[in-house]
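In what follows, a single structure is set out as structure tokens and then discussed.
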Amino acid sequence: MFLEEHDLKTSTEIDALEAKYQEIEAFTSLLFTDMDEVERTRHEAIKQRFEELKVTLFKNSDHLLSQAKHPDSGSAQKALREAQLNMMFDWEQFGLTEDMFFKLYQCHRNQLIGDADLKMRAALIEQILAIETNLTLLFKIRQLTS
């Protein structure tokens with residue numbers, strides 16, 4: 001039901017992605033409306049920490065990419081790379097994979113630099129990945145509290 005490799009290709013029709021998003025949204029919405037207040041509060045707190053980590057990872061990745069054209073053997077670049085590795089470890093503690101990070105980061109980059117079609121496709125894929133991420137966080141919460 002969720003994204004497959006062929007969905008990430010630019011040859012995938014936007015209408016097909018939109019239909020997939022609608023199907024996933026309809027299927028998963030009951031899981032989120034069925035949460036009690038304690039679970040909802042935990043989910044929101046973890047989701048906020050996750051979003052902060054994601055933004056930091058994106059900024060760090062953007063900086064590392066921009067500096068790749070101008071290699072710097074300085075300790076600042078090395079510290080950024082080490083910070084990135086540590087943050088990726090934190091990312092995985094949320095139950096998410098490195099592959100998920102790369103997909104989200106690619107959507108982020110495409111929305112910044114792509115043409116209108118690529119931006120729309122990236123926005124839809126990002127919405128689907130956001131649902132998948134929210135489900136992962138919810139299952140992680142339920143795993144920790146059971």
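Each chain of the structure tokens is named A, B, ... in the order shown, its residues numbered from 1; ligands are numbered from 1 in display order.
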task: Check the DSSP output for the backbone and give back, as a ChimeraX atom specification, the residues of region 24-116 of chain A in alpha helix (DSSP H).
output: /A:24-33,37-68,75-93,98-113,116
Interface rows for region 28-60 of chain A against region 133-144 of chain A: nearest pair, Å to one decimal, 10 Å, only C-alpha atoms, as a tab-separated table:
```
residue	atom	partner	partner_atom	distance
A:Thr28	CA	A:Leu135	CA	8.1
A:Leu31	CA	A:Leu135	CA	8.4
A:Phe32	CA	A:Leu138	CA	8.6
A:Met35	CA	A:Leu138	CA	9.5
A:Glu39	CA	A:Ile141	CA	7.8
A:Arg40	CA	A:Leu138	CA	9.0
A:Arg42	CA	A:Ile141	CA	7.4
A:His43	CA	A:Leu138	CA	6.2
A:Glu44	CA	A:Leu138	CA	9.6
A:Ile46	CA	A:Leu137	CA	7.4
A:Lys47	CA	A:Leu137	CA	7.2
A:Phe50	CA	A:Leu137	CA	8.9
```
Export, as a short mmCIF file (atom, residue, chain, number, x, y, z; two decimals), in the first residue's frame, the selected residues with N, CA and C atoms.
```cif
data_model
loop_
_atom_site.label_atom_id
_atom_site.label_comp_id
_atom_site.auth_asym_id
_atom_site.auth_seq_id
_atom_site.Cartn_x
_atom_site.Cartn_y
_atom_site.Cartn_z
N THR A 28 -5.50 4.77 7.02
CA THR A 28 -4.78 4.97 8.29
C THR A 28 -5.44 5.97 9.23
N LEU A 31 -6.65 4.86 12.72
CA LEU A 31 -5.65 4.59 13.75
C LEU A 31 -5.37 5.83 14.60
N PHE A 32 -5.40 6.99 13.97
CA PHE A 32 -5.08 8.21 14.70
C PHE A 32 -6.30 8.78 15.42
N MET A 35 -6.94 6.99 19.04
CA MET A 35 -6.01 7.13 20.15
C MET A 35 -6.68 7.81 21.34
N GLU A 39 -2.14 8.71 24.82
CA GLU A 39 -1.40 8.25 23.64
C GLU A 39 -1.21 9.40 22.65
N ARG A 40 -2.24 10.22 22.48
CA ARG A 40 -2.16 11.36 21.58
C ARG A 40 -1.09 12.35 22.05
N ARG A 42 1.54 11.66 23.96
CA ARG A 42 2.86 11.02 23.74
C ARG A 42 3.25 11.11 22.27
N HIS A 43 2.30 10.81 21.41
CA HIS A 43 2.58 10.85 19.97
C HIS A 43 2.99 12.25 19.54
N GLU A 44 2.27 13.25 19.98
CA GLU A 44 2.61 14.64 19.61
C GLU A 44 3.98 15.05 20.13
N ILE A 46 6.59 13.03 20.83
CA ILE A 46 7.62 12.32 20.06
C ILE A 46 7.69 12.86 18.63
N LYS A 47 6.54 13.16 18.07
CA LYS A 47 6.50 13.71 16.71
C LYS A 47 7.23 15.06 16.66
N PHE A 50 10.89 14.38 16.82
CA PHE A 50 11.29 13.83 15.52
C PHE A 50 11.41 14.95 14.48
#
```
- request: Name the closest residue to Glu25 (chain A) among the candidates A:Met87, A:Gly114, A:Phe2, A:Leu64; distances are taken between atoms, counting only C-alpha atoms.
  value: A:Phe2
- prompt: Which residues, written as a count of residues only, have at least one atom at most 12 Å from Leu53 (chain A), with only C-alpha atoms counted and residues fewer than 3 positions away on the same chain left out?
  reply: 23
query: Between A:Ala130, A:Leu65, A:Leu30, A:Leu104, which one has atoms that come closest to Leu8 (chain A), using only C-alpha atoms?
result: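 Closest to Leu8 (chain A), using only C-alpha atoms: A:Leu104.
Closest to Lys119 (chain A) among A:Gln106, A:Ile131, A:Lys69, A:Ser146 is A:Gln106, based on only C-alpha atoms.
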